[in-house]
file model-v2.txt (compact mmCIF, C-alpha atoms and all ligand atoms)
# COMPACT_ATOMS: atom_id res chain seq x y z
CA MET A 1 3.90 37.24 -17.71
CA SER A 2 6.14 36.11 -20.57
CA THR A 3 4.74 35.17 -23.95
CA ASN A 4 7.32 35.78 -26.70
CA THR A 5 5.10 35.79 -29.73
CA ASN A 6 5.42 37.07 -33.27
CA LEU A 7 2.70 39.62 -32.64
CA ARG A 8 3.30 43.23 -33.75
CA ILE A 9 1.15 45.79 -31.98
CA LEU A 10 0.83 49.49 -32.78
CA ILE A 11 -0.17 51.93 -30.03
CA ALA A 12 -1.37 55.43 -30.99
CA GLY A 13 -0.67 57.86 -28.13
CA GLY A 14 2.14 58.09 -25.61
CA GLY A 15 0.07 59.22 -22.61
CA ILE A 16 -0.48 57.22 -19.43
CA ALA A 17 -2.70 54.65 -21.18
CA GLY A 18 -0.41 54.11 -24.19
CA ASN A 19 2.79 53.91 -22.18
CA ALA A 20 1.32 51.63 -19.50
CA VAL A 21 0.04 49.10 -22.03
CA ALA A 22 3.28 49.32 -24.06
CA LEU A 23 5.33 48.47 -20.97
CA GLN A 24 3.31 45.38 -20.14
CA LEU A 25 3.17 44.10 -23.72
CA LEU A 26 6.93 44.50 -24.07
CA ARG A 27 7.53 42.65 -20.84
CA ALA A 28 5.40 39.84 -22.28
CA GLY A 29 7.78 39.63 -25.22
CA ILE A 30 5.47 41.31 -27.74
CA ALA A 31 6.88 43.74 -30.34
CA VAL A 32 5.46 47.23 -29.84
CA THR A 33 5.46 50.44 -31.88
CA VAL A 34 4.25 53.64 -30.17
CA VAL A 35 3.43 56.76 -32.19
CA GLU A 36 3.01 59.99 -30.24
CA ARG A 37 1.76 63.05 -32.10
CA ALA A 38 3.74 65.53 -29.94
CA GLY A 39 7.41 66.04 -30.76
CA SER A 40 8.56 65.00 -27.28
CA PRO A 41 7.00 63.65 -24.05
CA ARG A 42 4.11 65.94 -23.07
CA PRO A 43 4.62 67.51 -19.65
CA GLY A 44 1.73 69.00 -17.77
CA GLY A 45 -1.22 68.07 -15.69
CA GLN A 46 -1.71 68.38 -11.98
CA ALA A 47 -1.71 65.72 -9.29
CA VAL A 48 -3.38 62.43 -10.14
CA ASP A 49 -4.45 59.95 -7.48
CA LEU A 50 -3.63 56.29 -7.29
CA ARG A 51 -6.07 54.53 -5.04
CA GLY A 52 -7.66 51.09 -4.77
CA PRO A 53 -7.28 49.03 -7.94
CA SER A 54 -5.03 51.55 -9.78
CA ARG A 55 -2.59 51.56 -6.88
CA GLU A 56 -2.64 47.76 -6.89
CA VAL A 57 -1.83 47.77 -10.63
CA ALA A 58 1.03 50.24 -10.09
CA GLU A 59 2.40 47.87 -7.44
CA ARG A 60 2.02 44.78 -9.65
CA MET A 61 3.73 46.65 -12.52
CA GLY A 62 6.67 47.46 -10.22
CA LEU A 63 6.14 51.21 -10.62
CA MET A 64 5.95 52.18 -6.96
CA GLU A 65 9.69 52.68 -6.49
CA GLY A 66 9.73 55.21 -9.34
CA ILE A 67 6.47 56.82 -8.19
CA ARG A 68 7.74 57.26 -4.61
CA LYS A 69 10.55 59.48 -5.89
CA TYR A 70 7.98 62.01 -7.14
CA LEU A 71 5.29 61.71 -4.46
CA LEU A 72 3.52 64.92 -3.57
CA HIS A 73 3.11 65.44 0.14
CA GLU A 74 -0.17 67.28 0.11
CA LYS A 75 -1.77 67.85 3.49
CA GLY A 76 -5.25 68.39 2.12
CA MET A 77 -7.53 70.86 0.39
CA ARG A 78 -8.65 74.27 1.62
CA VAL A 79 -11.38 76.39 0.13
CA VAL A 80 -10.56 80.06 0.51
CA ASN A 81 -12.42 83.36 0.22
CA ALA A 82 -11.43 86.35 -1.94
CA GLU A 83 -9.01 87.53 0.76
CA GLY A 84 -7.34 84.11 1.08
CA GLY A 85 -8.94 83.21 4.43
CA ASP A 86 -10.27 79.69 5.08
CA VAL A 87 -13.88 78.89 4.24
CA TYR A 88 -13.18 75.28 5.22
CA ARG A 89 -10.40 72.67 5.16
CA TRP A 90 -10.47 69.00 4.29
CA SER A 91 -7.25 67.46 5.57
CA MET A 92 -5.92 64.18 4.18
CA GLU A 93 -6.25 62.50 7.59
CA MET A 94 -9.92 63.51 7.97
CA PHE A 95 -10.70 61.21 5.05
CA ASP A 96 -8.08 58.59 5.80
CA GLY A 97 -6.27 59.27 2.50
CA LYS A 98 -9.52 58.60 0.60
CA GLY A 99 -10.77 62.19 0.27
CA PRO A 100 -10.06 64.76 -2.44
CA VAL A 101 -6.36 64.35 -1.60
CA ALA A 102 -5.29 60.71 -1.69
CA ASP A 103 -2.26 59.26 0.12
CA ILE A 104 -0.56 58.47 -3.23
CA GLU A 105 -0.49 61.62 -5.38
CA ILE A 106 1.88 62.30 -8.25
CA SER A 107 1.82 64.93 -11.01
CA ARG A 108 0.56 63.50 -14.30
CA GLY A 109 3.75 64.50 -16.14
CA ASP A 110 5.94 62.83 -13.49
CA LEU A 111 3.90 59.61 -13.68
CA ASN A 112 4.33 59.60 -17.45
CA GLY A 113 8.07 60.14 -16.87
CA VAL A 114 8.18 57.07 -14.56
CA LEU A 115 6.53 54.97 -17.30
CA LEU A 116 8.95 56.26 -19.95
CA THR A 117 11.95 55.47 -17.72
CA GLU A 118 10.66 51.90 -17.24
CA LEU A 119 10.07 51.57 -20.99
CA ALA A 120 13.63 52.69 -21.72
CA GLY A 121 14.93 49.97 -19.39
CA VAL A 122 13.01 47.01 -20.85
CA ALA A 123 14.93 44.71 -23.14
CA GLY A 124 12.30 44.27 -25.80
CA ASP A 125 11.31 45.13 -29.33
CA LEU A 126 10.18 48.76 -28.88
CA ASP A 127 9.95 51.33 -31.68
CA TYR A 128 8.93 54.71 -30.17
CA ARG A 129 8.25 57.55 -32.61
CA TYR A 130 7.50 61.15 -31.69
CA GLY A 131 5.86 63.56 -34.16
CA GLU A 132 4.03 60.69 -35.85
CA TRP A 133 0.37 59.75 -36.14
CA ILE A 134 -1.99 57.49 -38.05
CA GLU A 135 -3.62 58.80 -41.23
CA THR A 136 -5.35 55.66 -42.52
CA ILE A 137 -6.38 52.26 -41.17
CA ASP A 138 -7.39 49.32 -43.40
CA GLN A 139 -8.01 46.00 -41.79
CA ASP A 140 -8.73 42.50 -43.08
CA ALA A 141 -8.94 39.08 -41.44
CA ASP A 142 -5.15 38.75 -41.14
CA GLY A 143 -3.98 42.17 -40.04
CA VAL A 144 -4.16 45.95 -40.20
CA THR A 145 -2.41 48.16 -42.75
CA VAL A 146 -1.66 51.57 -41.25
CA GLY A 147 -0.66 54.66 -43.23
CA PHE A 148 1.23 57.26 -41.19
CA GLN A 149 1.46 61.02 -41.69
CA SER A 150 5.15 60.56 -42.55
CA GLY A 151 4.09 58.63 -45.64
CA VAL A 152 5.21 55.24 -44.29
CA SER A 153 2.78 52.31 -44.51
CA GLU A 154 3.12 49.29 -42.19
CA ARG A 155 1.29 46.12 -41.25
CA TYR A 156 0.32 45.18 -37.66
CA ASP A 157 -1.63 42.43 -35.92
CA LEU A 158 -3.45 44.88 -33.64
CA VAL A 159 -3.85 48.64 -33.25
CA ILE A 160 -4.52 50.15 -29.82
CA GLY A 161 -5.99 53.68 -29.92
CA ALA A 162 -4.73 55.38 -26.74
CA ASP A 163 -4.76 58.82 -28.34
CA GLY A 164 -6.89 60.65 -25.82
CA VAL A 165 -10.37 62.07 -25.58
CA HIS A 166 -10.36 63.43 -29.17
CA SER A 167 -8.97 60.14 -30.53
CA ARG A 168 -8.25 60.02 -34.23
CA THR A 169 -8.14 56.22 -34.13
CA ARG A 170 -11.71 56.21 -32.80
CA LYS A 171 -12.82 58.60 -35.54
CA LEU A 172 -11.19 56.53 -38.31
CA VAL A 173 -12.61 53.20 -37.17
CA PHE A 174 -15.76 53.86 -35.12
CA GLY A 175 -17.09 57.21 -36.37
CA PRO A 176 -17.29 60.93 -35.50
CA GLU A 177 -16.56 62.07 -31.96
CA GLU A 178 -20.07 63.48 -31.42
CA GLN A 179 -21.52 59.97 -31.53
CA PHE A 180 -19.64 58.96 -28.41
CA THR A 181 -19.17 62.09 -26.29
CA THR A 182 -21.44 63.99 -23.91
CA PHE A 183 -20.53 67.56 -22.98
CA LEU A 184 -20.50 67.95 -19.19
CA GLY A 185 -21.05 71.70 -18.98
CA GLY A 186 -17.66 73.35 -19.00
CA TYR A 187 -13.89 73.44 -19.50
CA MET A 188 -10.80 72.75 -17.42
CA SER A 189 -7.29 74.11 -17.69
CA PHE A 190 -4.01 73.20 -15.97
CA TYR A 191 -0.60 74.85 -16.18
CA THR A 192 2.55 75.39 -14.14
CA VAL A 193 3.15 78.68 -12.29
CA PRO A 194 5.91 79.90 -9.97
CA THR A 195 4.62 79.20 -6.45
CA PRO A 196 2.93 82.40 -5.25
CA ALA A 197 4.60 83.83 -2.11
CA GLN A 198 1.28 83.75 -0.19
CA ALA A 199 0.44 80.15 -1.13
CA GLU A 200 0.19 77.82 1.86
CA GLN A 201 2.89 75.18 1.51
CA ASP A 202 1.70 71.60 0.86
CA TRP A 203 -2.00 72.47 0.63
CA MET A 204 -4.22 72.53 -2.41
CA SER A 205 -6.12 75.84 -2.27
CA MET A 206 -9.32 76.51 -4.21
CA HIS A 207 -11.36 79.65 -4.63
CA VAL A 208 -14.83 79.51 -6.17
CA VAL A 209 -16.79 82.37 -7.73
CA PRO A 210 -20.06 82.11 -9.66
CA ARG A 211 -19.45 79.85 -12.72
CA ALA A 212 -15.68 79.44 -12.20
CA SER A 213 -12.99 78.24 -9.81
CA ILE A 214 -9.26 78.80 -9.61
CA GLY A 215 -6.86 76.80 -7.51
CA ILE A 216 -3.22 76.02 -6.96
CA ARG A 217 -1.80 72.66 -6.10
CA PRO A 218 1.71 71.81 -4.89
CA ASP A 219 4.20 70.49 -7.43
CA PHE A 220 7.09 68.10 -6.79
CA ASP A 221 9.43 71.09 -7.13
CA PRO A 222 8.38 73.51 -4.34
CA ALA A 223 9.37 76.48 -6.53
CA THR A 224 6.43 75.73 -8.83
CA ALA A 225 2.75 74.93 -8.42
CA LYS A 226 -0.03 73.75 -10.71
CA ALA A 227 -2.87 76.10 -11.57
CA ILE A 228 -6.28 74.40 -11.84
CA ILE A 229 -9.10 76.29 -13.51
CA THR A 230 -12.67 75.11 -14.04
CA LEU A 231 -15.23 77.09 -16.05
CA ARG A 232 -18.97 76.45 -16.24
CA THR A 233 -20.05 77.59 -19.67
CA ASP A 234 -21.68 76.42 -22.89
CA GLN A 235 -19.80 74.31 -25.41
CA ASN A 236 -18.06 76.42 -28.03
CA PRO A 237 -16.39 74.43 -30.84
CA ALA A 238 -14.51 77.58 -31.93
CA LEU A 239 -12.36 77.24 -28.78
CA ARG A 240 -10.79 74.02 -30.06
CA GLY A 241 -7.17 74.71 -30.91
CA ASP A 242 -7.54 78.50 -30.42
CA VAL A 243 -5.22 79.08 -27.46
CA THR A 244 -5.70 82.87 -27.56
CA ALA A 245 -9.48 82.48 -27.22
CA GLN A 246 -9.04 79.87 -24.46
CA ARG A 247 -6.82 82.21 -22.42
CA LYS A 248 -9.23 85.11 -22.97
CA LEU A 249 -12.18 83.05 -21.73
CA ILE A 250 -10.26 82.15 -18.58
CA ARG A 251 -9.29 85.78 -17.94
CA ASP A 252 -12.85 87.02 -18.55
CA MET A 253 -14.52 84.48 -16.29
CA LEU A 254 -12.08 85.06 -13.43
CA ALA A 255 -11.62 88.82 -13.84
CA GLU A 256 -13.30 89.64 -10.51
CA ALA A 257 -12.12 86.59 -8.56
CA GLY A 258 -9.67 88.24 -6.13
CA TRP A 259 -7.35 86.05 -4.00
CA LEU A 260 -4.24 84.99 -5.98
CA ALA A 261 -6.09 85.02 -9.32
CA PRO A 262 -4.25 88.04 -10.84
CA GLU A 263 -0.86 86.41 -10.10
CA VAL A 264 -1.89 82.98 -11.43
CA LEU A 265 -3.60 84.41 -14.55
CA ALA A 266 -0.54 86.56 -15.31
CA GLU A 267 1.31 83.30 -16.05
CA LEU A 268 -1.18 82.19 -18.72
CA GLU A 269 0.91 83.53 -21.59
CA GLN A 270 4.26 82.13 -20.42
CA ALA A 271 3.16 78.64 -19.36
CA THR A 272 4.85 76.07 -21.57
CA ASP A 273 2.54 73.24 -20.47
CA PHE A 274 -0.81 75.06 -20.85
CA TYR A 275 -3.60 72.46 -21.10
CA PHE A 276 -7.22 73.38 -21.85
CA ASP A 277 -10.02 71.07 -22.87
CA GLU A 278 -13.73 70.66 -22.72
CA LEU A 279 -15.20 68.39 -20.07
CA VAL A 280 -16.71 65.42 -21.84
CA ARG A 281 -17.71 61.88 -21.06
CA VAL A 282 -16.91 59.14 -23.56
CA ASP A 283 -19.18 56.09 -23.82
CA MET A 284 -18.48 53.48 -26.48
CA PRO A 285 -21.04 50.80 -27.35
CA THR A 286 -18.06 48.45 -27.77
CA LEU A 287 -14.32 48.97 -27.26
CA SER A 288 -13.08 46.95 -30.25
CA ALA A 289 -13.80 46.65 -33.96
CA GLY A 290 -11.93 43.72 -35.48
CA ARG A 291 -8.20 44.30 -34.91
CA VAL A 292 -8.54 47.82 -33.52
CA THR A 293 -9.25 48.47 -29.86
CA LEU A 294 -9.47 51.58 -27.70
CA LEU A 295 -7.92 52.30 -24.30
CA GLY A 296 -7.89 55.23 -21.85
CA ASP A 297 -9.70 58.51 -22.54
CA SER A 298 -10.36 57.56 -26.18
CA ALA A 299 -12.46 54.64 -24.96
CA PHE A 300 -13.76 55.63 -21.55
CA CYS A 301 -13.48 59.11 -20.18
CA GLY A 302 -15.40 60.60 -17.30
CA SER A 303 -13.51 63.95 -17.52
CA PRO A 304 -10.89 65.27 -15.05
CA MET A 305 -13.81 66.08 -12.70
CA THR A 306 -14.00 62.39 -11.75
CA GLY A 307 -10.34 62.30 -10.73
CA MET A 308 -10.38 58.75 -12.16
CA GLY A 309 -8.92 59.21 -15.68
CA THR A 310 -5.50 57.90 -14.77
CA ALA A 311 -6.95 55.06 -12.72
CA MET A 312 -9.08 53.94 -15.67
CA ALA A 313 -6.10 54.20 -18.04
CA ILE A 314 -3.81 52.14 -15.79
CA VAL A 315 -6.36 49.50 -14.87
CA GLY A 316 -7.51 49.25 -18.52
CA ALA A 317 -3.90 48.88 -19.72
CA TYR A 318 -3.26 46.12 -17.19
CA LEU A 319 -6.34 44.17 -18.27
CA LEU A 320 -5.76 44.64 -22.01
CA ALA A 321 -2.10 43.58 -21.89
CA GLY A 322 -2.90 40.72 -19.51
CA GLU A 323 -5.58 39.29 -21.78
CA ILE A 324 -3.47 39.64 -24.96
CA ALA A 325 -0.52 37.92 -23.31
CA ALA A 326 -2.81 35.14 -22.03
CA THR A 327 -4.02 34.17 -25.53
CA PRO A 328 -1.78 35.78 -28.16
CA ALA A 329 -3.08 33.39 -30.80
CA ASP A 330 -6.68 34.41 -30.07
CA LEU A 331 -6.78 38.21 -30.22
CA ALA A 332 -10.56 38.33 -30.68
CA GLY A 333 -11.02 36.33 -27.49
CA ALA A 334 -8.52 38.55 -25.64
CA LEU A 335 -10.31 41.74 -26.73
CA ALA A 336 -13.70 40.35 -25.68
CA ARG A 337 -12.35 39.41 -22.24
CA TYR A 338 -10.65 42.83 -21.89
CA GLU A 339 -14.00 44.55 -22.48
CA ALA A 340 -15.85 42.22 -20.11
CA GLN A 341 -13.26 42.73 -17.36
CA VAL A 342 -12.92 46.49 -17.63
CA THR A 343 -16.61 47.44 -18.01
CA PRO A 344 -17.68 46.91 -14.36
CA PHE A 345 -14.73 49.10 -13.27
CA LEU A 346 -15.65 51.87 -15.71
CA ASP A 347 -19.31 51.89 -14.76
CA LYS A 348 -18.27 53.04 -11.30
CA ALA A 349 -15.22 55.15 -12.17
CA LYS A 350 -17.00 57.34 -14.73
CA GLU A 351 -19.61 58.60 -12.27
CA LEU A 352 -19.17 62.28 -11.38
CA PRO A 353 -18.73 62.80 -7.65
CA GLY A 354 -21.38 65.01 -6.08
CA GLY A 355 -23.43 65.86 -9.16
CA GLY A 356 -20.76 67.37 -11.43
CA ILE A 357 -20.21 70.94 -12.49
CA LYS A 358 -23.68 72.24 -11.51
CA MET A 359 -22.95 71.40 -7.88
CA MET A 360 -19.26 72.35 -8.03
CA LEU A 361 -19.78 75.75 -9.65
CA PRO A 362 -23.06 77.45 -8.77
CA THR A 363 -24.12 80.41 -10.90
CA SER A 364 -25.08 82.79 -8.07
CA LYS A 365 -23.61 84.07 -4.79
CA PHE A 366 -26.54 82.45 -2.98
CA GLY A 367 -25.67 79.11 -4.59
CA LEU A 368 -22.05 79.56 -3.55
CA LYS A 369 -23.04 80.06 0.10
CA ALA A 370 -25.15 76.90 -0.04
CA MET A 371 -22.26 74.94 -1.53
CA GLN A 372 -19.92 76.19 1.19
CA GLN A 373 -22.35 74.94 3.83
CA VAL A 374 -22.33 71.51 2.18
CA GLY A 375 -18.49 71.61 2.16
CA LYS A 376 -18.41 72.34 5.89
CA LEU A 377 -20.94 69.58 6.55
CA MET A 378 -18.79 67.06 4.65
CA ALA A 379 -15.91 67.89 6.99
CA THR A 380 -17.91 66.66 9.99
CA LYS A 381 -17.30 63.12 11.22
CA ALA A 382 -20.81 61.95 10.38
CA PHE A 383 -20.54 62.91 6.71
CA ARG A 384 -16.94 61.93 5.96
CA PRO A 385 -17.84 58.36 4.90
CA VAL A 386 -20.36 59.81 2.41
CA MET A 387 -17.61 61.88 0.82
CA MET A 388 -15.20 58.91 0.66
CA LYS A 389 -17.82 56.75 -1.03
CA MET A 390 -18.57 59.50 -3.56
CA LEU A 391 -14.92 59.95 -4.51
CA ASP A 392 -14.11 56.33 -5.11
CA GLN A 393 -16.71 53.75 -5.82
CA THR A 394 -14.20 51.31 -7.31
CA GLU A 395 -12.56 50.10 -4.06
CA ASP A 396 -14.41 46.77 -4.20
CA TYR A 397 -13.35 45.96 -7.77
CA VAL A 398 -11.35 42.73 -7.81
CA LEU A 399 -8.44 42.71 -10.26
CA PRO A 400 -7.73 39.47 -12.07
CA SER A 401 -4.21 38.09 -11.81
CA TYR A 402 -2.12 37.32 -14.88
C1 LIG B 501 -1.02 67.47 -21.18
C2 LIG B 501 -2.13 66.77 -20.43
C3 LIG B 501 -2.44 67.17 -19.14
C4 LIG B 501 -3.47 66.54 -18.45
N1 LIG B 501 -3.72 66.93 -17.17
C5 LIG B 501 -4.67 66.32 -16.46
C6 LIG B 501 -4.92 66.67 -15.11
O1 LIG B 501 -4.28 67.54 -14.56
N2 LIG B 501 -5.91 66.03 -14.42
C7 LIG B 501 -6.64 65.05 -15.00
O2 LIG B 501 -7.52 64.49 -14.35
N3 LIG B 501 -6.42 64.67 -16.28
C8 LIG B 501 -5.46 65.28 -17.01
N4 LIG B 501 -5.24 64.90 -18.31
C9 LIG B 501 -6.00 63.76 -18.85
C10 LIG B 501 -5.41 62.47 -18.28
O3 LIG B 501 -4.06 62.38 -18.66
C11 LIG B 501 -6.19 61.29 -18.78
O4 LIG B 501 -7.54 61.38 -18.36
C12 LIG B 501 -5.71 59.92 -18.29
O5 LIG B 501 -4.39 59.91 -17.84
C13 LIG B 501 -5.85 58.91 -19.43
O6 LIG B 501 -4.82 59.18 -20.33
P1 LIG B 501 -4.77 58.78 -21.85
O7 LIG B 501 -3.38 58.27 -22.06
O8 LIG B 501 -5.91 57.94 -22.24
O9 LIG B 501 -4.99 60.18 -22.58
P2 LIG B 501 -4.04 61.45 -22.65
O10 LIG B 501 -3.42 61.72 -21.35
O11 LIG B 501 -4.85 62.53 -23.26
O12 LIG B 501 -2.88 61.00 -23.67
C14 LIG B 501 -3.12 60.84 -25.04
C15 LIG B 501 -1.80 61.01 -25.77
O13 LIG B 501 -2.03 60.79 -27.15
C16 LIG B 501 -1.41 61.80 -27.93
N5 LIG B 501 -2.17 61.93 -29.16
C17 LIG B 501 -3.31 62.63 -29.40
N6 LIG B 501 -3.72 62.43 -30.66
C18 LIG B 501 -2.83 61.60 -31.24
C19 LIG B 501 -2.73 60.99 -32.52
N7 LIG B 501 -3.63 61.24 -33.47
N8 LIG B 501 -1.70 60.14 -32.75
C20 LIG B 501 -0.77 59.90 -31.80
N9 LIG B 501 -0.80 60.45 -30.57
C21 LIG B 501 -1.84 61.27 -30.28
C22 LIG B 501 -1.45 63.02 -27.03
O14 LIG B 501 -0.46 63.96 -27.37
C23 LIG B 501 -1.21 62.41 -25.65
O15 LIG B 501 0.16 62.30 -25.35
C24 LIG B 501 -4.22 65.50 -19.06
C25 LIG B 501 -3.91 65.10 -20.36
C26 LIG B 501 -2.87 65.72 -21.05
C27 LIG B 501 -2.54 65.27 -22.45
call {"tool": "encode", "arguments": {"input": "model-v2.txt", "output": "structure tokens"}}
result
Amino acid sequence: MSTNTNLRILIAGGGIAGNAVALQLLRAGIAVTVVERAGSPRPGGQAVDLRGPSREVAERMGLMEGIRKYLLHEKGMRVVNAEGGDVYRWSMEMFDGKGPVADIEISRGDLNGVLLTELAGVAGDLDYRYGEWIETIDQDADGVTVGFQSGVSERYDLVIGADGVHSRTRKLVFGPEEQFTTFLGGYMSFYTVPTPAQAEQDWMSMHVVPRASIGIRPDFDPATAKAIITLRTDQNPALRGDVTAQRKLIRDMLAEAGWLAPEVLAELEQATDFYFDELVRVDMPTLSAGRVTLLGDSAFCGSPMTGMGTAMAIVGAYLLAGEIAATPADLAGALARYEAQVTPFLDKAKELPGGGIKMMLPTSKFGLKAMQQVGKLMATKAFRPVMMKMLDQTEDYVLPSY
């Protein structure tokens, strides 16, 4: 894919979506500016899966060599009781690498690092700015004038909003967040902890209590692990940006959990990569408005519960860059084809496996017992295909070639 045009494209957001599309546009000879609100690359996030079409895109983008250096060698997932004993185990082999633990797993921060390393190595016209974001967007038939928080104003041919689930680009161009998001019944948090001495090496371990779960997942560095916390509770806008209240909610809802919870929760204050957000789904009636288009969580989010956020970001980035490079003189046509190509993938990827948070986190001890029985049933040979189908319905999606 080599185009060499005079196009200038601005990308808001240096997450997986923004960096993946930046890399492919640059390789096509297109000038790219990326603005990332954080002051440096954001670490954090637990293991993300690459399976089916997203793995194929990673291969086509030449990312697999970098990814292999950071692969997590997880053996599977175990659900444990308050004393740390097994309730059941789902090994990777039981589901042929297509269960809750996929054969290609990498921590989100490491995957972003692989993309940034590739970006640094591309000979192209890249302007990457940390600590910067868009304040205003004014578009006309010939281009988009963007005002940045730094006071600078610049002109671009296209703006890509890859600035996450609470996208400012989406708000400025399409309207308030509430128009496009559906609350899915809870919150999730991820952060790095020193690996607890009693943690079973190379296994993801989860413990569920009424309305909440706490888990640990191996990290690339065996000295650390990722804490995964899910809370089933009502939406509370006051939690946005209030880290003290977020940590308190986590502590309150897991106060009686037992297992390794006290050790994992003790790290809440120190964690430098603490991530907490509400679980929402994003549905846009259309992905583009004139010369502004959306990509990744800003455009199509199913929440971390789907396990498909990174897959959607990578596949979407591949399609968007591929279509722009195919017809750089016809951006409107490229954006229309991007939307038409990506929509069938999203329709499947956004579905919540197994009924979402109500099934994952029952409110009573009786409900928990019932859920554990379902978990054990899914481990039997007869039900394994059902589980695999639930976790990835996008296997049959056929990627176009560019
Ligand atoms: C720190 C972190 C940890 C995560 N951990 C997990 C996880 O463990 N499991 C999981 O399933 N999903 C996780 N996610 C979400 C997951 O990364 C996405 O679902 C998926 O990768 C799609 O990514 P994205 O690039 O669209 O959005 P994001 O990953 O959210 O990236 C958006 C980027 O835009 C930046 N940004 C936000 N607002 C602005 C603005 N106004 N201007 C410029 N830049 C802006 C953000 O700082 C961020 O770097 C995490 C996201 C983050 C940011």
call {"tool": "residues_near_point", "arguments": {"input": "model-v2.txt", "point": "(-0.7, 88.6, -21.9)", "cutoff": "10 Å", "atoms": "all atoms listed in the file", "output": "PyMOL selection string"}}
result
chain A and resi 244+247-248+251+265-270
call {"tool": "residues_near_ligand", "arguments": {"input": "model-v2.txt", "ligand": "ligand LIG 501 (chain B)", "cutoff": "8 Å", "atoms": "only C-alpha atoms and all ligand atoms", "output": "number ranges by chain"}}
result
A: 12-19, 35-38, 41-48, 107-109, 131-134, 162-169, 189-190, 228, 273-275, 295-299, 301-314
call {"tool": "write_last_selection", "arguments": {"input": "model-v2.txt", "atoms": "C-alpha atoms", "output": "mmCIF file, in the frame of the given file"}}
result
data_model
loop_
_atom_site.group_PDB
_atom_site.id
_atom_site.type_symbol
_atom_site.label_atom_id
_atom_site.label_comp_id
_atom_site.auth_asym_id
_atom_site.auth_seq_id
_atom_site.Cartn_x
_atom_site.Cartn_y
_atom_site.Cartn_z
ATOM 1 C CA ALA A 12 -1.370 55.430 -30.990
ATOM 2 C CA GLY A 13 -0.670 57.860 -28.130
ATOM 3 C CA GLY A 14 2.140 58.090 -25.610
ATOM 4 C CA GLY A 15 0.070 59.220 -22.610
ATOM 5 C CA ILE A 16 -0.480 57.220 -19.430
ATOM 6 C CA ALA A 17 -2.700 54.650 -21.180
ATOM 7 C CA GLY A 18 -0.410 54.110 -24.190
ATOM 8 C CA ASN A 19 2.790 53.910 -22.180
ATOM 9 C CA VAL A 35 3.430 56.760 -32.190
ATOM 10 C CA GLU A 36 3.010 59.990 -30.240
ATOM 11 C CA ARG A 37 1.760 63.050 -32.100
ATOM 12 C CA ALA A 38 3.740 65.530 -29.940
ATOM 13 C CA PRO A 41 7.000 63.650 -24.050
ATOM 14 C CA ARG A 42 4.110 65.940 -23.070
ATOM 15 C CA PRO A 43 4.620 67.510 -19.650
ATOM 16 C CA GLY A 44 1.730 69.000 -17.770
ATOM 17 C CA GLY A 45 -1.220 68.070 -15.690
ATOM 18 C CA GLN A 46 -1.710 68.380 -11.980
ATOM 19 C CA ALA A 47 -1.710 65.720 -9.290
ATOM 20 C CA VAL A 48 -3.380 62.430 -10.140
ATOM 21 C CA SER A 107 1.820 64.930 -11.010
ATOM 22 C CA ARG A 108 0.560 63.500 -14.300
ATOM 23 C CA GLY A 109 3.750 64.500 -16.140
ATOM 24 C CA GLY A 131 5.860 63.560 -34.160
ATOM 25 C CA GLU A 132 4.030 60.690 -35.850
ATOM 26 C CA TRP A 133 0.370 59.750 -36.140
ATOM 27 C CA ILE A 134 -1.990 57.490 -38.050
ATOM 28 C CA ALA A 162 -4.730 55.380 -26.740
ATOM 29 C CA ASP A 163 -4.760 58.820 -28.340
ATOM 30 C CA GLY A 164 -6.890 60.650 -25.820
ATOM 31 C CA VAL A 165 -10.370 62.070 -25.580
ATOM 32 C CA HIS A 166 -10.360 63.430 -29.170
ATOM 33 C CA SER A 167 -8.970 60.140 -30.530
ATOM 34 C CA ARG A 168 -8.250 60.020 -34.230
ATOM 35 C CA THR A 169 -8.140 56.220 -34.130
ATOM 36 C CA SER A 189 -7.290 74.110 -17.690
ATOM 37 C CA PHE A 190 -4.010 73.200 -15.970
ATOM 38 C CA ILE A 228 -6.280 74.400 -11.840
ATOM 39 C CA ASP A 273 2.540 73.240 -20.470
ATOM 40 C CA PHE A 274 -0.810 75.060 -20.850
ATOM 41 C CA TYR A 275 -3.600 72.460 -21.100
ATOM 42 C CA LEU A 295 -7.920 52.300 -24.300
ATOM 43 C CA GLY A 296 -7.890 55.230 -21.850
ATOM 44 C CA ASP A 297 -9.700 58.510 -22.540
ATOM 45 C CA SER A 298 -10.360 57.560 -26.180
ATOM 46 C CA ALA A 299 -12.460 54.640 -24.960
ATOM 47 C CA CYS A 301 -13.480 59.110 -20.180
ATOM 48 C CA GLY A 302 -15.400 60.600 -17.300
ATOM 49 C CA SER A 303 -13.510 63.950 -17.520
ATOM 50 C CA PRO A 304 -10.890 65.270 -15.050
ATOM 51 C CA MET A 305 -13.810 66.080 -12.700
ATOM 52 C CA THR A 306 -14.000 62.390 -11.750
ATOM 53 C CA GLY A 307 -10.340 62.300 -10.730
ATOM 54 C CA MET A 308 -10.380 58.750 -12.160
ATOM 55 C CA GLY A 309 -8.920 59.210 -15.680
ATOM 56 C CA THR A 310 -5.500 57.900 -14.770
ATOM 57 C CA ALA A 311 -6.950 55.060 -12.720
ATOM 58 C CA MET A 312 -9.080 53.940 -15.670
ATOM 59 C CA ALA A 313 -6.100 54.200 -18.040
ATOM 60 C CA ILE A 314 -3.810 52.140 -15.790
#
call {"tool": "atom_distance", "arguments": {"input": "model-v2.txt", "atom1": "CA of Arg68 (chain A)", "atom2": "CA of Pro194 (chain A)"}}
result
23.3 Å
